[in-house]
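Next comes start.cif, with mmCIF, C-alpha atoms.
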```
data_start
loop_
_atom_site.group_PDB
_atom_site.id
_atom_site.type_symbol
_atom_site.label_atom_id
_atom_site.label_comp_id
_atom_site.auth_asym_id
_atom_site.auth_seq_id
_atom_site.Cartn_x
_atom_site.Cartn_y
_atom_site.Cartn_z
ATOM 1 C CA MET A 255 -137.210 -7.689 46.623
ATOM 2 C CA LEU A 256 -136.394 -4.000 46.191
ATOM 3 C CA VAL A 257 -138.162 -1.535 48.492
ATOM 4 C CA TYR A 258 -137.724 2.178 49.062
ATOM 5 C CA GLY A 259 -137.351 3.673 52.511
ATOM 6 C CA LEU A 260 -136.751 2.250 55.970
ATOM 7 C CA PRO A 261 -139.048 0.634 58.542
ATOM 8 C CA LEU A 262 -139.910 2.791 61.563
ATOM 9 C CA ASN A 263 -139.775 0.035 64.198
ATOM 10 C CA GLN A 264 -140.767 -3.607 64.829
ATOM 11 C CA TYR A 265 -144.468 -2.760 64.353
ATOM 12 C CA ALA A 266 -143.728 -1.853 60.709
ATOM 13 C CA MET A 267 -143.228 -5.551 59.902
ATOM 14 C CA HIS A 268 -145.640 -8.489 60.026
ATOM 15 C CA GLU A 269 -145.809 -12.089 58.874
ATOM 16 C CA ASP A 270 -149.276 -13.634 58.493
ATOM 17 C CA GLU A 271 -150.322 -17.252 59.019
ATOM 18 C CA ASP A 272 -149.736 -18.016 55.318
ATOM 19 C CA GLY A 273 -146.128 -16.805 55.449
ATOM 20 C CA TYR A 274 -146.692 -13.491 53.646
ATOM 21 C CA PHE A 275 -144.469 -10.683 54.907
ATOM 22 C CA TYR A 276 -145.679 -7.071 55.166
ATOM 23 C CA LEU A 277 -143.322 -4.113 55.436
ATOM 24 C CA LEU A 278 -144.132 -0.426 55.952
ATOM 25 C CA THR A 279 -141.395 2.052 55.075
ATOM 26 C CA LYS A 280 -140.738 5.768 55.353
ATOM 27 C CA ASP A 281 -139.207 7.136 52.165
ATOM 28 C CA TRP A 282 -137.410 10.513 52.074
ATOM 29 C CA ARG A 283 -136.122 10.452 48.474
ATOM 30 C CA ARG A 284 -138.166 13.413 47.199
ATOM 31 C CA ARG A 285 -140.801 14.201 49.743
ATOM 32 C CA VAL A 286 -141.623 12.081 52.764
ATOM 33 C CA ALA A 287 -143.900 9.181 51.843
ATOM 34 C CA THR A 288 -145.121 5.929 53.366
ATOM 35 C CA HIS A 289 -145.140 2.682 51.407
ATOM 36 C CA LEU A 290 -146.554 -0.784 52.133
ATOM 37 C CA TYR A 291 -144.937 -3.816 50.501
ATOM 38 C CA VAL A 292 -146.238 -7.416 50.513
ATOM 39 C CA ALA A 293 -143.858 -10.339 49.918
ATOM 40 C CA SER A 294 -144.730 -13.976 49.289
ATOM 41 C CA PRO A 295 -143.285 -16.775 51.462
ATOM 42 C CA ASP A 296 -140.526 -16.993 48.807
ATOM 43 C CA PHE A 297 -139.863 -13.301 49.443
ATOM 44 C CA GLU A 298 -141.023 -12.151 46.021
ATOM 45 C CA LEU A 299 -142.903 -8.848 45.817
ATOM 46 C CA VAL A 300 -146.596 -9.642 45.217
ATOM 47 C CA GLY A 301 -148.313 -6.386 46.207
ATOM 48 C CA LYS A 302 -147.719 -2.816 47.251
ATOM 49 C CA LEU A 303 -149.485 0.387 48.199
ATOM 50 C CA LEU A 304 -147.282 3.421 47.558
ATOM 51 C CA ASN A 305 -147.421 7.060 48.667
ATOM 52 C CA ILE A 306 -149.888 6.691 51.517
ATOM 53 C CA GLU A 307 -150.721 10.288 52.536
ATOM 54 C CA PRO A 308 -147.780 11.981 50.718
ATOM 55 C CA GLY A 309 -145.996 14.666 52.710
ATOM 56 C CA GLU A 310 -146.882 13.098 56.057
ATOM 57 C CA GLU A 311 -144.635 10.907 58.185
ATOM 58 C CA PHE A 312 -145.650 7.404 59.188
ATOM 59 C CA LYS A 313 -145.710 7.368 63.022
ATOM 60 C CA ALA A 314 -147.505 4.222 64.243
ATOM 61 C CA SER A 315 -148.952 0.997 62.857
ATOM 62 C CA ARG A 316 -150.582 -2.223 63.970
ATOM 63 C CA PHE A 317 -151.431 -5.323 61.960
ATOM 64 C CA LEU A 318 -154.611 -7.070 63.196
ATOM 65 C CA GLY A 319 -155.916 -9.983 61.156
ATOM 66 C CA ASP A 320 -156.342 -8.870 57.556
ATOM 67 C CA LYS A 321 -156.317 -5.161 58.470
ATOM 68 C CA LEU A 322 -153.529 -2.665 58.956
ATOM 69 C CA TYR A 323 -154.099 0.400 61.125
ATOM 70 C CA LEU A 324 -151.716 3.222 60.268
ATOM 71 C CA VAL A 325 -151.172 6.722 61.647
ATOM 72 C CA THR A 326 -149.304 9.420 59.742
ATOM 73 C CA TYR A 327 -148.503 12.911 61.010
ATOM 74 C CA LYS A 328 -147.908 16.411 59.744
ATOM 75 C CA GLN A 329 -150.508 18.611 61.462
ATOM 76 C CA VAL A 330 -153.399 16.234 62.237
ATOM 77 C CA ASP A 331 -153.006 12.482 62.781
ATOM 78 C CA PRO A 332 -155.040 10.604 60.175
ATOM 79 C CA LEU A 333 -155.770 6.997 61.170
ATOM 80 C CA PHE A 334 -155.989 4.782 58.093
ATOM 81 C CA VAL A 335 -157.519 1.317 57.872
ATOM 82 C CA ILE A 336 -155.950 -0.737 55.096
ATOM 83 C CA ASP A 337 -157.505 -3.988 53.921
ATOM 84 C CA LEU A 338 -154.907 -6.725 53.407
ATOM 85 C CA ALA A 339 -157.330 -9.491 52.348
ATOM 86 C CA ASN A 340 -156.189 -9.206 48.713
ATOM 87 C CA LYS A 341 -152.419 -9.522 49.073
ATOM 88 C CA THR A 342 -151.755 -8.299 45.526
ATOM 89 C CA LYS A 343 -153.837 -5.124 45.925
ATOM 90 C CA PRO A 344 -153.926 -3.783 49.493
ATOM 91 C CA GLN A 345 -156.277 -0.806 49.677
ATOM 92 C CA ILE A 346 -157.273 1.985 52.037
ATOM 93 C CA ILE A 347 -160.836 1.316 53.188
ATOM 94 C CA GLY A 348 -161.178 3.990 55.877
ATOM 95 C CA GLU A 349 -159.673 7.168 57.235
ATOM 96 C CA LEU A 350 -160.327 9.137 60.405
ATOM 97 C CA LYS A 351 -158.736 12.536 61.039
ATOM 98 C CA ILE A 352 -158.139 12.863 64.773
ATOM 99 C CA PRO A 353 -156.366 15.546 66.800
ATOM 100 C CA GLY A 354 -153.360 14.611 68.863
ATOM 101 C CA TYR A 355 -150.159 12.723 68.325
ATOM 102 C CA SER A 356 -149.916 8.934 68.094
ATOM 103 C CA VAL A 357 -146.737 6.903 68.121
ATOM 104 C CA TYR A 358 -148.170 3.630 69.478
ATOM 105 C CA LEU A 359 -151.359 1.705 68.686
ATOM 106 C CA HIS A 360 -152.483 -1.013 71.094
ATOM 107 C CA PRO A 361 -155.194 -3.621 70.347
ATOM 108 C CA TYR A 362 -157.708 -4.571 73.042
ATOM 109 C CA ALA A 363 -160.367 -7.310 73.001
ATOM 110 C CA ASP A 364 -163.230 -8.069 75.399
ATOM 111 C CA ALA A 365 -163.143 -11.178 77.655
ATOM 112 C CA GLN A 366 -164.457 -13.394 74.835
ATOM 113 C CA GLY A 367 -161.950 -11.934 72.389
ATOM 114 C CA SER A 368 -164.728 -11.123 69.925
ATOM 115 C CA VAL A 369 -164.709 -7.321 69.991
ATOM 116 C CA GLN A 370 -161.498 -5.528 69.097
ATOM 117 C CA TYR A 371 -160.639 -1.979 70.037
ATOM 118 C CA LEU A 372 -157.655 0.136 69.139
ATOM 119 C CA ILE A 373 -156.271 2.309 71.925
#
```

Translate the structure described by the file into structure tokens.
Amino acid sequence: MLVYGLPLNQYAMHEDEDGYFYLLTKDWRRRVATHLYVASPDFELVGKLLNIEPGEEFKASRFLGDKLYLVTYKQVDPLFVIDLANKTKPQIIGELKIPGYSVYLHPYADAQGSVQYLI
């Protein structure tokens, strides 16, 4: 499997319960870009989402269930929600532009584990 760029840290990689592997990379070839790659359990490329917010650097990510939460940075930190339910076509389903600087995303659930928050 050929990918462009490098992972930021251990939170840029995830393996789901079905054995699919997800990798987020930062690519500096032309202009900074963030890419998401999805590999099958046999490590064949099955899906990708390229050039997420071109020109901005990927700073933090968290995989929770079939969603990926991703923060990029240039001037304002957009928080993206990416749906991973369709492994061959991951897609951005939400975006929130928030002030500040985020390099770590932490999940939090209530006592029953039913409500999830992102801190």

Margin query: From the options A:Leu260, A:Val292, A:Leu322, A:Ala287, which residue's atoms come nearest to Pro308 of chain A, counting all atoms listed in the file?
Written below: A:Ala287

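If you measure from each of A:Gln345, A:Asn305, A:Ser315, A:Ser294 to Met255 of chain A using all atoms listed in the file, the closest one turns out to be A:Ser294.
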
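Shown here are all protein and nucleic acid residues lying within 7 Å of (-161.1, 7.7, 61.6), with only C-alpha atoms considered: Pro332, Leu333, Phe334, Gly348, Glu349, Leu350, Lys351 and Ile352 of chain A.
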
Next item on the list: Pick out the residues sitting within 7 Å of segment 262-272 of chain A, and hand them over as number ranges by chain; count only C-alpha atoms, and ignore anything fewer than 3 positions along from it in its own chain.
Entry: A: 275-280, 315-317

Selected residues, C-alpha atoms, written as a PDB file, in the frame of the given file, please.
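So out-v4.pdb came out as:
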```
ATOM      1  CA  PHE A 275    -144.469 -10.683  54.907  1.00  0.00           C
ATOM      2  CA  TYR A 276    -145.679  -7.071  55.166  1.00  0.00           C
ATOM      3  CA  LEU A 277    -143.322  -4.113  55.436  1.00  0.00           C
ATOM      4  CA  LEU A 278    -144.132  -0.426  55.952  1.00  0.00           C
ATOM      5  CA  THR A 279    -141.395   2.052  55.075  1.00  0.00           C
ATOM      6  CA  LYS A 280    -140.738   5.768  55.353  1.00  0.00           C
ATOM      7  CA  SER A 315    -148.952   0.997  62.857  1.00  0.00           C
ATOM      8  CA  ARG A 316    -150.582  -2.223  63.970  1.00  0.00           C
ATOM      9  CA  PHE A 317    -151.431  -5.323  61.960  1.00  0.00           C
TER      10      PHE A 317
END
```

Margin query: Report, in Å to a single decimal, how far apart atom CA of Leu338 of chain A and atom CA of Pro295 of chain A are.
Written below: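 Atom CA of Pro295 of chain A sits 15.5 Å away from atom CA of Leu338 of chain A.
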
Next item on the list: Please provide the set of residues having any atom within 7 Å of Tyr327 of chain A, restricted to all atoms listed in the file, with same-chain residues fewer than 6 positions apart removed, written as a PyMOL selection string.
Entry: chain A and resi 310-313

Next item on the list: Would you mind telling me which residue in A:Leu256, A:Val325, A:Asp337, A:Gly273 lies nearest to Thr288 of chain A when using all atoms listed in the file?
Entry: A:Val325

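Between atom CA of Tyr358 of chain A and atom CA of Leu290 of chain A lies a distance of 18.0 Å.
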
Margin query: Using Å and a single decimal, report how far atom CA of Trp282 of chain A sits from atom CA of Gly259 of chain A.
Written below: 6.9 Å

Could you add the missing atoms to segment 318-343 of chain A, up to N, CA and C atoms, and return them as a PDB file, in the coordinates of the input?
```
ATOM      1  N   LEU A 318    -153.637  -6.255  62.475  1.00  0.00           N
ATOM      2  CA  LEU A 318    -154.611  -7.070  63.196  1.00  0.00           C
ATOM      3  C   LEU A 318    -155.419  -7.858  62.180  1.00  0.00           C
ATOM      4  N   GLY A 319    -155.204  -9.162  62.130  1.00  0.00           N
ATOM      5  CA  GLY A 319    -155.916  -9.983  61.156  1.00  0.00           C
ATOM      6  C   GLY A 319    -155.563  -9.546  59.748  1.00  0.00           C
ATOM      7  N   ASP A 320    -156.599  -9.310  58.936  1.00  0.00           N
ATOM      8  CA  ASP A 320    -156.342  -8.870  57.556  1.00  0.00           C
ATOM      9  C   ASP A 320    -156.488  -7.360  57.402  1.00  0.00           C
ATOM     10  N   LYS A 321    -156.264  -6.624  58.497  1.00  0.00           N
ATOM     11  CA  LYS A 321    -156.317  -5.161  58.470  1.00  0.00           C
ATOM     12  C   LYS A 321    -155.007  -4.584  59.001  1.00  0.00           C
ATOM     13  N   LEU A 322    -154.657  -3.440  58.468  1.00  0.00           N
ATOM     14  CA  LEU A 322    -153.529  -2.665  58.956  1.00  0.00           C
ATOM     15  C   LEU A 322    -154.066  -1.321  59.401  1.00  0.00           C
ATOM     16  N   TYR A 323    -153.732  -0.912  60.602  1.00  0.00           N
ATOM     17  CA  TYR A 323    -154.099   0.400  61.125  1.00  0.00           C
ATOM     18  C   TYR A 323    -152.827   1.236  61.116  1.00  0.00           C
ATOM     19  N   LEU A 324    -152.898   2.412  60.512  1.00  0.00           N
ATOM     20  CA  LEU A 324    -151.716   3.222  60.268  1.00  0.00           C
ATOM     21  C   LEU A 324    -151.998   4.679  60.612  1.00  0.00           C
ATOM     22  N   VAL A 325    -151.075   5.294  61.321  1.00  0.00           N
ATOM     23  CA  VAL A 325    -151.172   6.722  61.647  1.00  0.00           C
ATOM     24  C   VAL A 325    -150.014   7.441  60.981  1.00  0.00           C
ATOM     25  N   THR A 326    -150.332   8.536  60.284  1.00  0.00           N
ATOM     26  CA  THR A 326    -149.304   9.420  59.742  1.00  0.00           C
ATOM     27  C   THR A 326    -149.440  10.765  60.459  1.00  0.00           C
ATOM     28  N   TYR A 327    -148.446  11.632  60.301  1.00  0.00           N
ATOM     29  CA  TYR A 327    -148.503  12.911  61.010  1.00  0.00           C
ATOM     30  C   TYR A 327    -147.843  14.018  60.192  1.00  0.00           C
ATOM     31  N   LYS A 328    -148.494  15.148  60.191  1.00  0.00           N
ATOM     32  CA  LYS A 328    -147.908  16.411  59.744  1.00  0.00           C
ATOM     33  C   LYS A 328    -148.495  17.491  60.636  1.00  0.00           C
ATOM     34  N   GLN A 329    -149.823  17.656  60.590  1.00  0.00           N
ATOM     35  CA  GLN A 329    -150.508  18.611  61.462  1.00  0.00           C
ATOM     36  C   GLN A 329    -151.599  17.905  62.262  1.00  0.00           C
ATOM     37  N   VAL A 330    -152.344  17.027  61.599  1.00  0.00           N
ATOM     38  CA  VAL A 330    -153.399  16.234  62.237  1.00  0.00           C
ATOM     39  C   VAL A 330    -153.044  14.772  61.976  1.00  0.00           C
ATOM     40  N   ASP A 331    -153.339  13.899  62.936  1.00  0.00           N
ATOM     41  CA  ASP A 331    -153.006  12.482  62.781  1.00  0.00           C
ATOM     42  C   ASP A 331    -154.134  11.733  62.093  1.00  0.00           C
ATOM     43  N   PRO A 332    -154.029  11.459  60.790  1.00  0.00           N
ATOM     44  CA  PRO A 332    -155.040  10.604  60.175  1.00  0.00           C
ATOM     45  C   PRO A 332    -154.772   9.151  60.560  1.00  0.00           C
ATOM     46  N   LEU A 333    -155.839   8.437  60.895  1.00  0.00           N
ATOM     47  CA  LEU A 333    -155.770   6.997  61.170  1.00  0.00           C
ATOM     48  C   LEU A 333    -156.354   6.301  59.959  1.00  0.00           C
ATOM     49  N   PHE A 334    -155.549   5.506  59.279  1.00  0.00           N
ATOM     50  CA  PHE A 334    -155.989   4.782  58.093  1.00  0.00           C
ATOM     51  C   PHE A 334    -156.269   3.334  58.453  1.00  0.00           C
ATOM     52  N   VAL A 335    -157.272   2.754  57.802  1.00  0.00           N
ATOM     53  CA  VAL A 335    -157.519   1.317  57.872  1.00  0.00           C
ATOM     54  C   VAL A 335    -157.258   0.782  56.472  1.00  0.00           C
ATOM     55  N   ILE A 336    -156.346  -0.175  56.385  1.00  0.00           N
ATOM     56  CA  ILE A 336    -155.950  -0.737  55.096  1.00  0.00           C
ATOM     57  C   ILE A 336    -156.324  -2.212  55.078  1.00  0.00           C
ATOM     58  N   ASP A 337    -157.066  -2.599  54.071  1.00  0.00           N
ATOM     59  CA  ASP A 337    -157.505  -3.988  53.921  1.00  0.00           C
ATOM     60  C   ASP A 337    -156.396  -4.792  53.250  1.00  0.00           C
ATOM     61  N   LEU A 338    -155.981  -5.873  53.918  1.00  0.00           N
ATOM     62  CA  LEU A 338    -154.907  -6.725  53.407  1.00  0.00           C
ATOM     63  C   LEU A 338    -155.426  -8.056  52.881  1.00  0.00           C
ATOM     64  N   ALA A 339    -156.750  -8.217  52.773  1.00  0.00           N
ATOM     65  CA  ALA A 339    -157.330  -9.491  52.348  1.00  0.00           C
ATOM     66  C   ALA A 339    -156.843  -9.888  50.955  1.00  0.00           C
ATOM     67  N   ASN A 340    -156.733  -8.939  50.047  1.00  0.00           N
ATOM     68  CA  ASN A 340    -156.189  -9.206  48.713  1.00  0.00           C
ATOM     69  C   ASN A 340    -154.715  -8.809  48.754  1.00  0.00           C
ATOM     70  N   LYS A 341    -153.849  -9.793  48.883  1.00  0.00           N
ATOM     71  CA  LYS A 341    -152.419  -9.522  49.073  1.00  0.00           C
ATOM     72  C   LYS A 341    -151.776  -8.805  47.891  1.00  0.00           C
ATOM     73  N   THR A 342    -152.341  -8.958  46.697  1.00  0.00           N
ATOM     74  CA  THR A 342    -151.755  -8.299  45.526  1.00  0.00           C
ATOM     75  C   THR A 342    -152.213  -6.851  45.379  1.00  0.00           C
ATOM     76  N   LYS A 343    -153.320  -6.494  46.032  1.00  0.00           N
ATOM     77  CA  LYS A 343    -153.837  -5.124  45.925  1.00  0.00           C
ATOM     78  C   LYS A 343    -154.354  -4.630  47.281  1.00  0.00           C
TER      79      LYS A 343
END
```
